[in-house]
file input-v3.tsv (TSV, C-alpha atoms)
chain	number	residue	atom	x	y	z
A	1	MET	CA	-48.49	-78.47	21.45
A	2	LYS	CA	-47.23	-74.99	21.65
A	3	GLN	CA	-44.71	-75.22	18.79
A	4	PRO	CA	-47.23	-75.34	15.86
A	5	THR	CA	-48.88	-72.20	17.23
A	6	ASN	CA	-45.49	-70.45	17.26
A	7	PHE	CA	-44.84	-71.49	13.65
A	8	SER	CA	-48.27	-70.24	12.71
A	9	GLU	CA	-47.47	-66.91	14.34
A	10	VAL	CA	-44.11	-66.78	12.56
A	11	PHE	CA	-45.83	-67.39	9.21
A	12	GLU	CA	-48.37	-64.71	10.00
A	13	LYS	CA	-45.55	-62.30	10.80
A	14	ILE	CA	-43.72	-63.26	7.60
A	15	THR	CA	-46.93	-62.65	5.64
A	16	ASP	CA	-47.29	-59.27	7.34
A	17	LEU	CA	-43.66	-58.52	6.55
A	18	LYS	CA	-44.23	-59.51	2.94
A	19	GLU	CA	-47.22	-57.19	2.72
A	20	LEU	CA	-45.12	-54.47	4.27
A	21	PHE	CA	-42.44	-54.94	1.61
A	22	GLN	CA	-45.09	-54.95	-1.10
A	23	PHE	CA	-46.52	-51.71	0.36
A	24	GLY	CA	-42.98	-50.34	0.56
A	25	GLU	CA	-42.43	-51.13	-3.11
A	26	LYS	CA	-45.54	-49.13	-3.90
A	27	ILE	CA	-44.81	-46.24	-1.55
A	28	ILE	CA	-41.14	-45.75	-2.37
A	29	PRO	CA	-41.79	-44.31	-5.85
A	30	ILE	CA	-44.23	-41.90	-4.27
A	31	PHE	CA	-41.55	-40.84	-1.80
A	32	GLN	CA	-39.10	-40.52	-4.65
A	33	SER	CA	-41.54	-38.31	-6.53
A	34	LEU	CA	-42.05	-36.27	-3.39
A	35	ILE	CA	-38.32	-35.81	-2.97
A	36	GLU	CA	-38.00	-34.83	-6.63
A	37	PHE	CA	-40.86	-32.38	-6.16
A	38	MET	CA	-39.16	-30.92	-3.11
A	39	LYS	CA	-35.92	-30.60	-5.05
A	40	ASP	CA	-37.80	-28.61	-7.70
A	41	ILE	CA	-39.92	-26.57	-5.34
A	42	VAL	CA	-37.21	-25.46	-2.92
A	43	PRO	CA	-35.35	-23.29	-5.47
A	44	LEU	CA	-38.71	-21.95	-6.60
A	45	MET	CA	-39.65	-21.08	-3.04
A	46	GLU	CA	-36.27	-19.48	-2.56
A	47	ASN	CA	-36.90	-17.38	-5.66
A	48	ILE	CA	-40.30	-16.36	-4.36
A	49	ASN	CA	-38.74	-15.57	-1.03
A	50	LYS	CA	-36.03	-13.51	-2.70
A	51	SER	CA	-38.61	-11.64	-4.80
A	52	ILE	CA	-40.70	-10.91	-1.75
A	53	ALA	CA	-37.61	-9.67	0.07
A	54	GLU	CA	-36.66	-7.44	-2.86
A	55	SER	CA	-40.20	-6.12	-3.19
A	56	THR	CA	-40.33	-5.43	0.51
A	57	ASN	CA	-37.10	-3.48	0.30
A	58	LYS	CA	-38.42	-1.41	-2.60
A	59	MET	CA	-41.63	-0.41	-0.84
A	60	PRO	CA	-40.13	2.30	1.37
A	61	SER	CA	-38.84	4.17	-1.68
A	62	ALA	CA	-42.27	3.79	-3.33
A	63	THR	CA	-43.96	5.39	-0.34
A	64	ASN	CA	-41.32	8.13	-0.24
A	65	GLN	CA	-41.97	8.85	-3.90
A	66	ILE	CA	-45.70	9.09	-3.22
A	67	ASN	CA	-45.05	11.46	-0.33
A	68	ASN	CA	-42.85	13.58	-2.59
A	69	VAL	CA	-45.57	13.71	-5.25
A	70	THR	CA	-48.10	14.81	-2.62
A	71	SER	CA	-45.78	17.53	-1.31
A	72	ALA	CA	-44.95	18.79	-4.80
A	73	THR	CA	-48.58	18.99	-5.94
A	74	GLU	CA	-49.55	20.62	-2.66
A	75	MET	CA	-46.87	23.28	-3.11
A	76	ALA	CA	-47.81	23.89	-6.74
A	77	THR	CA	-51.52	24.11	-5.93
A	78	THR	CA	-50.94	26.54	-3.09
A	79	GLU	CA	-48.82	28.67	-5.41
A	80	ILE	CA	-51.52	28.69	-8.10
A	81	LEU	CA	-54.14	29.58	-5.50
A	82	ASP	CA	-51.95	32.46	-4.31
A	83	ARG	CA	-51.69	33.76	-7.87
A	84	VAL	CA	-55.42	33.39	-8.50
A	85	ASP	CA	-56.04	35.14	-5.20
A	86	SER	CA	-53.87	38.08	-6.33
A	87	ILE	CA	-55.61	38.22	-9.70
A	88	SER	CA	-59.05	38.16	-8.08
A	89	THR	CA	-58.08	40.87	-5.61
A	90	ALA	CA	-56.80	43.02	-8.50
A	91	LEU	CA	-60.04	42.40	-10.45
A	92	ILE	CA	-62.13	43.40	-7.44
A	93	ASN	CA	-60.04	46.57	-6.99
A	94	ILE	CA	-60.46	47.50	-10.66
A	95	ASP	CA	-64.19	46.88	-10.37
A	96	ASN	CA	-64.38	49.11	-7.30
A	97	ASP	CA	-62.44	51.84	-9.12
A	98	LEU	CA	-64.82	51.65	-12.09
A	99	THR	CA	-67.80	51.89	-9.76
A	100	GLU	CA	-66.25	55.01	-8.22
A	101	ILE	CA	-65.62	56.53	-11.68
A	102	LEU	CA	-69.25	55.89	-12.68
A	103	LYS	CA	-70.40	57.49	-9.44
A	104	ARG	CA	-68.28	60.60	-9.97
A	105	ARG	CA	-69.42	60.88	-13.57
A	106	ALA	CA	-73.02	60.80	-12.43
A	107	GLY	CA	-72.17	63.71	-10.09
A	108	LYS	CA	-70.63	65.69	-12.92
A	109	LYS	CA	-73.69	65.05	-15.07
A	110	GLU	CA	-75.78	66.67	-12.37
A	111	ILE	CA	-73.48	69.75	-12.37
A	112	LEU	CA	-73.72	69.95	-16.16
A	113	ASP	CA	-77.51	69.75	-16.09
A	114	LYS	CA	-77.57	72.52	-13.44
A	115	LEU	CA	-75.31	74.69	-15.59
A	116	LYS	CA	-77.57	74.12	-18.60
A	117	SER	CA	-80.61	75.17	-16.62
A	118	GLU	CA	-78.98	78.27	-15.10
A	119	ILE	CA	-77.05	79.60	-18.11
A	120	ASN	CA	-78.70	80.31	-21.43
A	121	PHE	CA	-76.44	78.48	-23.86
A	122	ASN	CA	-77.20	78.67	-27.56
A	123	ASP	CA	-77.68	75.47	-29.57
A	124	GLU	CA	-74.10	75.31	-30.72
A	125	GLN	CA	-72.75	75.72	-27.20
A	126	LEU	CA	-75.14	73.05	-25.93
A	127	GLU	CA	-73.95	70.64	-28.61
A	128	LEU	CA	-70.32	71.31	-27.68
A	129	LEU	CA	-71.08	70.72	-24.02
A	130	GLY	CA	-72.82	67.48	-24.98
A	131	GLN	CA	-69.74	66.34	-26.91
A	132	LEU	CA	-67.50	67.31	-24.00
A	133	TYR	CA	-69.42	65.12	-21.71
A	134	ASP	CA	-70.88	62.21	-23.62
A	135	GLN	CA	-72.25	60.44	-20.57
A	136	ASP	CA	-74.12	57.57	-22.16
A	137	GLU	CA	-71.39	56.30	-24.47
A	138	ILE	CA	-68.64	56.28	-21.85
A	139	ASP	CA	-70.88	54.85	-19.16
A	140	THR	CA	-71.89	52.01	-21.49
A	141	PHE	CA	-68.21	51.37	-22.16
A	142	LEU	CA	-67.35	51.36	-18.46
A	143	ASN	CA	-70.25	49.05	-17.62
A	144	SER	CA	-69.11	46.71	-20.38
A	145	ILE	CA	-65.65	46.56	-18.75
A	146	LYS	CA	-67.31	45.78	-15.42
A	147	GLU	CA	-69.17	42.85	-17.01
A	148	LYS	CA	-65.93	41.50	-18.46
A	149	LEU	CA	-64.26	41.79	-15.07
A	150	SER	CA	-67.11	39.84	-13.55
A	151	LEU	CA	-66.62	37.09	-16.14
A	152	LEU	CA	-62.89	36.97	-15.37
A	153	ASN	CA	-63.69	36.68	-11.69
A	154	ASP	CA	-66.01	33.74	-12.38
A	155	GLU	CA	-63.30	32.07	-14.43
A	156	SER	CA	-60.72	32.43	-11.67
A	157	TYR	CA	-63.29	30.98	-9.32
A	158	GLN	CA	-63.62	27.93	-11.53
A	159	ILE	CA	-59.84	27.47	-11.46
A	160	THR	CA	-59.87	27.36	-7.67
A	161	LEU	CA	-62.75	24.90	-7.74
A	162	ALA	CA	-60.79	22.56	-10.01
A	163	LEU	CA	-57.76	22.83	-7.72
A	164	GLN	CA	-59.64	20.96	-5.02
A	165	VAL	CA	-58.61	17.86	-6.96
A	166	GLN	CA	-55.24	18.17	-5.17
A	167	ASP	CA	-56.83	17.59	-1.78
A	168	ILE	CA	-58.74	14.57	-3.05
A	169	THR	CA	-55.72	13.00	-4.77
A	170	SER	CA	-53.53	13.57	-1.72
A	171	GLN	CA	-56.07	11.63	0.35
A	172	GLN	CA	-56.11	8.84	-2.23
A	173	LEU	CA	-52.30	8.74	-2.26
A	174	ALA	CA	-52.22	8.63	1.54
A	175	ALA	CA	-54.59	5.65	1.35
A	176	VAL	CA	-52.25	3.95	-1.15
A	177	ASN	CA	-49.31	4.61	1.18
A	178	HIS	CA	-51.22	3.07	4.02
A	179	LEU	CA	-51.90	-0.03	1.91
A	180	ILE	CA	-48.26	-0.31	0.89
A	181	GLU	CA	-47.23	-0.03	4.52
A	182	SER	CA	-49.63	-2.82	5.51
A	183	VAL	CA	-48.50	-5.08	2.66
A	184	ASN	CA	-44.89	-4.37	3.53
A	185	ASP	CA	-45.42	-5.44	7.14
A	186	LYS	CA	-47.17	-8.64	6.07
A	187	LEU	CA	-44.50	-9.53	3.51
A	188	ALA	CA	-41.69	-8.85	5.96
A	189	SER	CA	-43.19	-11.15	8.55
A	190	LEU	CA	-43.91	-13.77	5.86
A	191	VAL	CA	-40.31	-13.74	4.70
A	192	ASP	CA	-39.06	-14.00	8.28
A	193	ASP	CA	-41.31	-16.98	8.97
A	194	PHE	CA	-40.64	-18.62	5.67
A	195	HIS	CA	-36.91	-18.77	5.32
A	196	ASN	CA	-35.25	-16.47	7.81
A	197	ALA	CA	-34.29	-14.44	4.79
A	198	GLN	CA	-32.36	-11.32	5.52
A	199	ILE	CA	-34.52	-8.35	4.81
A	200	ASP	CA	-32.76	-5.23	5.76
A	201	LYS	CA	-34.72	-4.37	8.88
A	202	LYS	CA	-33.59	-0.77	8.59
A	203	ASP	CA	-35.23	-0.50	5.16
A	204	VAL	CA	-38.43	-2.14	6.30
A	205	ASP	CA	-38.76	0.28	9.17
A	206	SER	CA	-37.93	3.28	7.03
A	207	ILE	CA	-41.41	3.59	5.52
A	208	GLU	CA	-42.43	6.99	6.65
A	209	VAL	CA	-46.03	7.97	6.49
A	210	PRO	CA	-46.25	11.64	7.44
A	211	GLU	CA	-47.87	12.30	10.79
A	212	SER	CA	-50.42	14.45	9.05
A	213	ALA	CA	-51.44	11.62	6.73
A	214	THR	CA	-55.06	11.39	7.71
A	215	PHE	CA	-57.21	10.38	4.82
A	216	ASP	CA	-60.50	9.18	3.54
A	217	PRO	CA	-59.79	6.12	1.36
A	218	ASN	CA	-63.05	6.75	-0.51
A	219	ALA	CA	-62.31	10.38	-1.31
A	220	ARG	CA	-62.94	11.18	-4.94
A	221	TYR	CA	-62.98	14.23	-7.18
A	222	ASP	CA	-66.51	14.28	-8.42
A	223	LYS	CA	-68.35	17.37	-9.57
A	224	ASP	CA	-71.58	15.41	-9.43
A	225	LYS	CA	-73.77	16.95	-6.74
A	226	SER	CA	-75.36	13.66	-5.73
A	227	ARG	CA	-73.07	13.18	-2.71
A	228	GLN	CA	-73.87	16.66	-1.39
A	229	ASN	CA	-77.56	16.12	-2.11
A	230	ASP	CA	-77.46	12.82	-0.21
A	231	ALA	CA	-75.73	14.56	2.69
A	232	ASP	CA	-78.38	17.30	2.58
A	233	ASP	CA	-81.14	14.68	2.71
A	234	ILE	CA	-79.62	13.05	5.79
A	235	PHE	CA	-79.02	16.43	7.35
A	236	ASN	CA	-82.53	17.69	6.57
A	237	ASN	CA	-84.10	14.56	8.01
A	238	GLN	CA	-82.08	15.01	11.18
A	239	GLN	CA	-82.92	18.70	11.38
A	240	LYS	CA	-86.66	18.30	10.83
A	241	ASP	CA	-87.26	18.11	14.55
A	242	LYS	CA	-85.29	21.28	15.08
A	243	ASN	CA	-87.29	23.14	12.37
A	244	LYS	CA	-84.21	24.50	10.67
A	245	ASP	CA	-84.53	25.98	7.22
A	246	ILE	CA	-82.06	24.20	4.96
A	247	ALA	CA	-81.79	24.89	1.26
A	248	SER	CA	-80.90	22.21	-1.24
A	249	GLN	CA	-77.88	22.56	-3.52
A	250	ASP	CA	-80.22	23.11	-6.48
A	251	GLU	CA	-81.96	25.97	-4.67
A	252	ILE	CA	-78.60	27.55	-3.90
A	253	ASP	CA	-77.51	27.24	-7.54
A	254	LYS	CA	-80.71	29.00	-8.60
A	255	LEU	CA	-80.12	31.72	-6.03
A	256	PHE	CA	-76.59	32.44	-7.26
A	257	SER	CA	-77.48	32.24	-10.93
A	258	GLY	CA	-80.15	34.88	-10.35
A	259	GLU	CA	-83.03	32.73	-11.60
B	1	MET	CA	-65.00	45.33	11.61
B	2	LYS	CA	-64.82	42.13	9.60
B	3	LYS	CA	-66.48	39.01	10.94
B	4	MET	CA	-63.95	36.37	11.87
B	5	ILE	CA	-64.13	32.75	10.78
B	6	LEU	CA	-61.90	29.86	11.87
B	7	ILE	CA	-61.11	27.10	9.37
B	8	ALA	CA	-59.51	23.85	10.62
B	9	ASP	CA	-58.24	21.56	7.87
B	10	ASP	CA	-55.00	19.61	7.44
B	11	SER	CA	-54.97	20.30	3.71
B	12	PRO	CA	-53.21	23.59	2.86
B	13	THR	CA	-55.11	23.62	-0.44
B	14	ILE	CA	-58.49	23.53	1.25
B	15	ARG	CA	-57.45	26.11	3.86
B	16	LYS	CA	-56.32	28.41	1.10
B	17	PHE	CA	-59.41	27.75	-0.98
B	18	VAL	CA	-61.87	28.40	1.84
B	19	SER	CA	-59.97	31.53	2.88
B	20	PHE	CA	-60.03	32.73	-0.71
B	21	SER	CA	-63.77	32.08	-1.11
B	22	LEU	CA	-64.72	33.81	2.13
B	23	LYS	CA	-62.26	36.67	1.88
B	24	MET	CA	-64.02	37.65	-1.34
B	25	GLN	CA	-67.23	37.94	0.66
B	26	GLY	CA	-65.61	40.29	3.16
B	27	TYR	CA	-64.84	37.89	6.02
B	28	GLU	CA	-61.55	37.54	7.84
B	29	VAL	CA	-60.39	33.93	7.97
B	30	VAL	CA	-57.95	32.38	10.44
B	31	ALA	CA	-56.60	28.95	9.50
B	32	ALA	CA	-55.54	25.99	11.67
B	33	SER	CA	-53.92	22.81	10.37
B	34	ASP	CA	-55.57	20.46	12.87
B	35	GLY	CA	-58.04	20.33	15.73
B	36	MET	CA	-55.40	21.00	18.35
B	37	GLU	CA	-54.22	24.19	16.65
B	38	ALA	CA	-57.85	25.27	16.24
B	39	VAL	CA	-58.46	24.84	19.98
B	40	GLU	CA	-55.36	26.96	20.69
B	41	LYS	CA	-56.69	29.72	18.45
B	42	LEU	CA	-60.17	29.82	20.00
B	43	PRO	CA	-59.28	32.20	22.87
B	44	GLN	CA	-57.10	34.40	20.64
B	45	HIS	CA	-60.01	35.76	18.57
B	46	ASN	CA	-63.74	36.13	18.71
B	47	PHE	CA	-64.80	33.76	15.97
B	48	GLU	CA	-68.35	34.06	14.73
B	49	LEU	CA	-68.29	30.83	12.76
B	50	ILE	CA	-66.10	27.72	12.63
B	51	ILE	CA	-65.49	25.45	9.65
B	52	THR	CA	-63.84	22.09	10.29
B	53	ASP	CA	-62.65	19.03	8.43
B	54	LEU	CA	-63.20	15.62	10.10
B	55	ASN	CA	-60.05	13.67	9.22
B	56	MET	CA	-57.23	15.59	10.87
B	57	PRO	CA	-54.08	14.60	12.77
B	58	ASN	CA	-53.62	15.23	16.53
B	59	MET	CA	-57.27	16.07	17.07
B	60	ASP	CA	-59.97	15.16	14.57
B	61	GLY	CA	-63.02	17.23	13.69
B	62	PHE	CA	-65.43	15.28	15.91
B	63	GLU	CA	-63.26	15.91	18.96
B	64	LEU	CA	-62.83	19.55	17.97
B	65	ILE	CA	-66.62	20.06	17.78
B	66	ARG	CA	-67.00	18.45	21.20
B	67	VAL	CA	-64.34	20.77	22.67
B	68	ILE	CA	-65.93	23.83	21.01
B	69	ARG	CA	-69.36	23.00	22.39
B	70	GLU	CA	-67.90	22.63	25.89
B	71	ASN	CA	-66.41	26.12	25.66
B	72	PRO	CA	-68.96	28.64	27.07
B	73	ASN	CA	-67.81	31.30	24.57
B	74	TYR	CA	-68.53	29.06	21.60
B	75	LYS	CA	-71.54	27.11	22.78
B	76	GLU	CA	-73.81	28.69	20.17
B	77	THR	CA	-71.25	29.46	17.46
B	78	PRO	CA	-72.28	27.94	14.11
B	79	ILE	CA	-70.08	25.04	13.02
B	80	ILE	CA	-69.86	23.84	9.42
B	81	ILE	CA	-68.31	20.44	8.73
B	82	LEU	CA	-66.35	20.27	5.49
B	83	SER	CA	-65.32	16.71	4.76
B	84	SER	CA	-64.84	14.12	2.05
B	85	LEU	CA	-66.61	11.66	4.35
B	86	SER	CA	-70.21	11.40	3.26
B	87	GLU	CA	-71.53	8.33	5.04
B	88	SER	CA	-74.72	8.82	7.02
B	89	GLU	CA	-73.04	7.79	10.28
B	90	ASP	CA	-70.42	10.55	9.87
B	91	ILE	CA	-73.08	13.17	9.16
B	92	GLU	CA	-75.26	12.01	12.03
B	93	ARG	CA	-72.31	11.88	14.41
B	94	GLY	CA	-71.24	15.40	13.44
B	95	MET	CA	-74.75	16.72	13.91
B	96	GLY	CA	-75.14	14.86	17.16
B	97	LEU	CA	-72.07	16.66	18.48
B	98	GLY	CA	-73.55	20.04	17.55
B	99	ALA	CA	-72.53	20.87	13.97
B	100	ASN	CA	-74.95	23.12	12.08
B	101	SER	CA	-74.15	22.26	8.45
B	102	TYR	CA	-72.39	19.51	6.54
B	103	LEU	CA	-70.58	20.08	3.24
B	104	VAL	CA	-69.03	17.30	1.18
B	105	LYS	CA	-65.66	17.76	-0.58
B	106	PRO	CA	-65.08	18.72	-3.30
B	107	PHE	CA	-67.45	21.54	-2.55
B	108	ASP	CA	-68.97	24.37	-4.50
B	109	PRO	CA	-67.63	27.71	-3.21
B	110	LYS	CA	-71.11	29.19	-3.67
B	111	ARG	CA	-72.42	26.65	-1.24
B	112	ILE	CA	-69.96	27.54	1.48
B	113	GLN	CA	-70.63	31.24	0.91
B	114	TYR	CA	-74.35	30.54	1.21
B	115	GLU	CA	-73.92	28.54	4.42
B	116	VAL	CA	-71.71	31.19	6.00
B	117	ALA	CA	-74.07	34.00	4.98
B	118	LYS	CA	-77.00	32.02	6.40
B	119	TYR	CA	-75.49	32.19	9.86
B	120	LEU	CA	-73.66	35.51	9.78
B	121	ASN	CA	-75.86	37.87	7.77

call {"tool": "encode", "arguments": {"input": "input-v3.tsv", "output": "structure tokens"}}
result
Amino acid sequence: MKQPTNFSEVFEKITDLKELFQFGEKIIPIFQSLIEFMKDIVPLMENINKSIAESTNKMPSATNQINNVTSATEMATTEILDRVDSISTALINIDNDLTEILKRRAGKKEILDKLKSEINFNDEQLELLGQLYDQDEIDTFLNSIKEKLSLLNDESYQITLALQVQDITSQQLAAVNHLIESVNDKLASLVDDFHNAQIDKKDVDSIEVPESATFDPNARYDKDKSRQNDADDIFNNQQKDKNKDIASQDEIDKLFSGE
Amino acid sequence: MKKMILIADDSPTIRKFVSFSLKMQGYEVVAASDGMEAVEKLPQHNFELIITDLNMPNMDGFELIRVIRENPNYKETPIIILSSLSESEDIERGMGLGANSYLVKPFDPKRIQYEVAKYLN
């Protein structure tokens, strides 16, 4: 009685086996495609890996270049500021000298007037004295030079103002360096995990961000006063309780422009 | 005798620029390249006003202000923050530590002259 059951089980197993073969027939092409895909993708991945490794090795020199640019612009800007400083000092000295000349001339005018009142000059002599000391014309000329000096001083001031761009760009470059450093670290670890590719560890570690590279990644050279005005608003609101008198940037501009 | 001002900023350009702007107004300016150097210079002179950046190596501006305010000789000395940071939390933090003014970079030299004159004249 047991034998038919065994045959039935055998047939069931054969049927299962047949289904397995049929499934195998279907799945094998998929495996073949997968293997073909892997054959194609592996060289591609190796290329990607190689590119990442190359890029990672190039990053230290990129950051060094950026550091060099920052140093060079810093040096040039400092030099320009030194020159402008010398020019401004010279302009101030000339202005002071002119002020002194005008002061002394005013003193001499007083002496001349005293002489005129104490000595009876005739008309011709008075005219000659007037020509000898033509106060108004020379004073006007000297005052005109003083005005021009003042303009030159303002111009040199504007140069220094524009030079602040160096500080802002150096902060932006430091932020870029920081980003490169982060990307470099990520790529290096990715390459290591991915294929044990040989990235020159010495190169990876050679990214040097100067110790003084503190930066504001949002720093920007913007002559628009809105940022200062916003800061003033926050500051004023905070200071209200302390009853401090704080002028706005517009008020200060008016003050300096003499309005 | 000229009034002495201390400027702490890691940017040589800004140090030069501030010195230039204030020297023209008759002040004597001593420069420090970070907070630590500024702290070292505090006992060497009698500064009547201090200008500081916030982002600096070794010791940042916030820490510098805290140290200044703990120093009995500089408890009441006016402090002006000069920074490219302009977020409200930075301004509020600076003020909370005891700063008296806040200027955003790039700054107008007239503004810094005005702020300095406000406290020293």

call {"tool": "interface_residues", "arguments": {"input": "input-v3.tsv", "of": "chain B", "to": "chain A", "cutoff": "9 Å", "atoms": "only C-alpha atoms", "output": "PyMOL selection string"}}
result
chain B and resi 10-14+16-17+20-21+24+34+55-58+84-88+91-92+95+101-111+114

call {"tool": "residues_around", "arguments": {"input": "input-v3.tsv", "residues": "Arg66 in chain B", "least_positions_apart": "5", "cutoff": "12 Å", "atoms": "all atoms listed in the file", "output": "ChimeraX atom specification"}}
result
/B:35,39,52,59-61,71-72,74-75,79,93-99

call {"tool": "write_last_selection", "arguments": {"input": "input-v3.tsv", "atoms": "C-alpha atoms", "output": "tab-separated table (two decimals), keeping the file's coordinate frame"}}
result
chain	number	residue	atom	x	y	z
B	35	GLY	CA	-58.04	20.33	15.73
B	39	VAL	CA	-58.46	24.84	19.98
B	52	THR	CA	-63.84	22.09	10.29
B	59	MET	CA	-57.27	16.07	17.07
B	60	ASP	CA	-59.97	15.16	14.57
B	61	GLY	CA	-63.02	17.23	13.69
B	71	ASN	CA	-66.41	26.12	25.66
B	72	PRO	CA	-68.96	28.64	27.07
B	74	TYR	CA	-68.53	29.06	21.60
B	75	LYS	CA	-71.54	27.11	22.78
B	79	ILE	CA	-70.08	25.04	13.02
B	93	ARG	CA	-72.31	11.88	14.41
B	94	GLY	CA	-71.24	15.40	13.44
B	95	MET	CA	-74.75	16.72	13.91
B	96	GLY	CA	-75.14	14.86	17.16
B	97	LEU	CA	-72.07	16.66	18.48
B	98	GLY	CA	-73.55	20.04	17.55
B	99	ALA	CA	-72.53	20.87	13.97

call {"tool": "residues_around", "arguments": {"input": "input-v3.tsv", "residues": "Ser33 in chain B", "least_positions_apart": "2", "cutoff": "7 Å", "atoms": "only C-alpha atoms", "output": "list in words"}}
result
Ala8, Asp9, Asp10, Ala31 and Glu37 of chain B

call {"tool": "closest_residue", "arguments": {"input": "input-v3.tsv", "among": "A:Asn120, A:Val69, A:Lys58, A:Asp154", "to": "Val183 in chain A", "atoms": "all atoms listed in the file"}}
result
A:Lys58

call {"tool": "atom_distance", "arguments": {"input": "input-v3.tsv", "atom1": "CA of Leu42 in chain B", "atom2": "CA of Leu6 in chain B"}}
result
8.3 Å

call {"tool": "residues_around", "arguments": {"input": "input-v3.tsv", "residues": "Ile50 in chain B", "least_positions_apart": "6", "cutoff": "9 Å", "atoms": "all atoms listed in the file", "output": "list in words"}}
result
Met4, Ile5, Leu6, Ile7, Ala8, Thr77, Pro78, Ile79, Ile80 and Ile81 of chain B

call {"tool": "residues_around", "arguments": {"input": "input-v3.tsv", "residues": "Leu22 in chain B", "least_positions_apart": "4", "cutoff": "9 Å", "atoms": "all atoms listed in the file", "output": "list in words"}}
result
Ile5, Phe17, Val18, Gly26, Tyr27, Glu28, Val29, Pro109, Ile112, Gln113 and Val116 of chain B

call {"tool": "closest_residue", "arguments": {"input": "input-v3.tsv", "among": "B:Asp53, B:His45, B:Asp90, B:Ala117", "to": "Gln25 in chain B", "atoms": "all atoms listed in the file"}}
result
B:Ala117

call {"tool": "closest_residue", "arguments": {"input": "input-v3.tsv", "among": "A:Lys50, A:Lys146, A:Lys116, A:Arg104", "to": "Val191 in chain A", "atoms": "all atoms listed in the file"}}
result
A:Lys50

call {"tool": "residues_around", "arguments": {"input": "input-v3.tsv", "residues": "Ile145 in chain A", "least_positions_apart": "2", "cutoff": "12 Å", "atoms": "only C-alpha atoms", "output": "compact mmCIF listing (two decimals) with C-alpha atoms, in the frame of the given file"}}
result
# COMPACT_ATOMS: atom_id res chain seq x y z
CA LEU A 91 -60.04 42.40 -10.45
CA ILE A 94 -60.46 47.50 -10.66
CA ASP A 95 -64.19 46.88 -10.37
CA ASN A 96 -64.38 49.11 -7.30
CA ASP A 97 -62.44 51.84 -9.12
CA LEU A 98 -64.82 51.65 -12.09
CA THR A 99 -67.80 51.89 -9.76
CA LEU A 102 -69.25 55.89 -12.68
CA ILE A 138 -68.64 56.28 -21.85
CA ASP A 139 -70.88 54.85 -19.16
CA THR A 140 -71.89 52.01 -21.49
CA PHE A 141 -68.21 51.37 -22.16
CA LEU A 142 -67.35 51.36 -18.46
CA ASN A 143 -70.25 49.05 -17.62
CA GLU A 147 -69.17 42.85 -17.01
CA LYS A 148 -65.93 41.50 -18.46
CA LEU A 149 -64.26 41.79 -15.07
CA SER A 150 -67.11 39.84 -13.55
CA LEU A 151 -66.62 37.09 -16.14
CA LEU A 152 -62.89 36.97 -15.37
